[in-house]
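Trainee: Just passing along the structure, written as structure tokens.
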Amino acid sequence: MEEQIKELTLLLLYLTSWTEREPHGEYQRAWKGYDFDILNKLESENMIGGSTYKAKSTYITEKGIEKAKELMKKYNISNNI
């Protein structure tokens with residue numbers, strides 16, 4: 001069950017993310033209003049990053065974006081959202 005919660009959390013982070021442009025690149029950012037234990041696991045797996053204690057948002061890594069796209073297929077979610 002924990003694996004599905006982790007997958008769905010990553011998927012929700014991705015689906016609710018926005019592109020933030022900075023001088024050194026673009027990032028997909030998302031609000032991190034999810035279980036902190038799950039967020040910590042996603043960060044330890046390099047799916048998200050920059051999720052410091054006081055930060056209210058996190059960025060989704062390239063690895064996390066790729067995984068989220070795989071999860072969209074797994075859960076039959078259209079790209080037309």
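Order determines the names: the first chain of the structure tokens is A, the second B, and so forth; residues in each chain are numbered 1 upward, and ligands are numbered 1 upward as they are shown.
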Excluding same-chain residues fewer than 5 positions from Gly50 of chain A, what lies within 9 Å of it counting only C-alpha atoms, as a VMD selection string?

Mentor: chain A and resid 43 55 57 to 60

Trainee: Which residues are near segment 36-41 of chain A? Cut-off 9 Å, only C-alpha atoms, ignore same chain within fewer than 5 positions. Put them as an mmCIF file with N, CA and C atoms, in the first residue's frame.

Mentor:
data_model
loop_
_atom_site.group_PDB
_atom_site.id
_atom_site.type_symbol
_atom_site.label_atom_id
_atom_site.label_comp_id
_atom_site.auth_asym_id
_atom_site.auth_seq_id
_atom_site.Cartn_x
_atom_site.Cartn_y
_atom_site.Cartn_z
ATOM 1 N N GLU A 2 1.976 1.238 0.749
ATOM 2 C CA GLU A 2 2.825 2.426 0.817
ATOM 3 C C GLU A 2 3.385 2.789 -0.557
ATOM 4 N N ILE A 5 0.794 4.721 -2.459
ATOM 5 C CA ILE A 5 0.675 6.085 -1.928
ATOM 6 C C ILE A 5 1.822 6.940 -2.438
ATOM 7 N N LYS A 6 3.017 6.367 -2.463
ATOM 8 C CA LYS A 6 4.174 7.093 -2.979
ATOM 9 C C LYS A 6 3.990 7.410 -4.461
ATOM 10 N N THR A 9 1.294 10.094 -4.846
ATOM 11 C CA THR A 9 1.789 11.393 -4.390
ATOM 12 C C THR A 9 2.657 12.023 -5.471
ATOM 13 N N LEU A 10 3.570 11.249 -6.044
ATOM 14 C CA LEU A 10 4.396 11.762 -7.132
ATOM 15 C C LEU A 10 3.521 12.194 -8.299
ATOM 16 N N ASN A 46 15.479 10.483 -5.352
ATOM 17 C CA ASN A 46 15.808 11.485 -6.366
ATOM 18 C C ASN A 46 14.644 11.748 -7.334
ATOM 19 N N MET A 47 13.417 11.647 -6.838
ATOM 20 C CA MET A 47 12.241 11.977 -7.654
ATOM 21 C C MET A 47 11.884 13.460 -7.496
ATOM 22 N N ILE A 48 12.150 14.013 -6.318
ATOM 23 C CA ILE A 48 11.931 15.428 -6.055
ATOM 24 C C ILE A 48 13.170 15.966 -5.366
ATOM 25 N N SER A 51 13.477 20.345 -1.225
ATOM 26 C CA SER A 51 12.352 20.323 -0.300
ATOM 27 C C SER A 51 12.842 20.556 1.131
#

Trainee: Can you list, as a PyMOL selection string, all residues belonging to segment 26-57 of chain A that DSSP tags as strand (DSSP E)?

Mentor: chain A and resi 26-31+48-49+57

Trainee: Ranking A:Leu15, A:Leu42, A:Ala30, A:Ile65 by minimum distance to Asn79 of chain A and counting only C-alpha atoms, which one comes first?

Mentor: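 That would be A:Leu15, the residue with the smallest distance to Asn79 of chain A.
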
Trainee: Extract, using only C-alpha atoms, all DNA, RNA and protein residues at most 10 Å from Leu8 of chain A, discarding same-chain residues fewer than 4 positions from it, and format them as a PDB file with C-alpha atoms, in the first residue's frame.

Mentor:
ATOM      1  CA  GLU A   2       2.825   2.426   0.817  1.00  0.00           C
ATOM      2  CA  GLU A   3       4.238   2.043  -2.701  1.00  0.00           C
ATOM      3  CA  GLN A   4       0.889   3.060  -4.240  1.00  0.00           C
ATOM      4  CA  LEU A  12      -0.327  14.433  -7.916  1.00  0.00           C
ATOM      5  CA  LEU A  13       2.819  16.533  -7.509  1.00  0.00           C
ATOM      6  CA  TYR A  14       3.393  16.261 -11.255  1.00  0.00           C
ATOM      7  CA  ALA A  68       5.217  10.427 -13.280  1.00  0.00           C
ATOM      8  CA  LEU A  71       2.443   6.394 -13.809  1.00  0.00           C
ATOM      9  CA  MET A  72       0.015   8.350 -15.989  1.00  0.00           C
ATOM     10  CA  TYR A  75      -3.263   4.641 -14.086  1.00  0.00           C
TER      11      TYR A  75
END
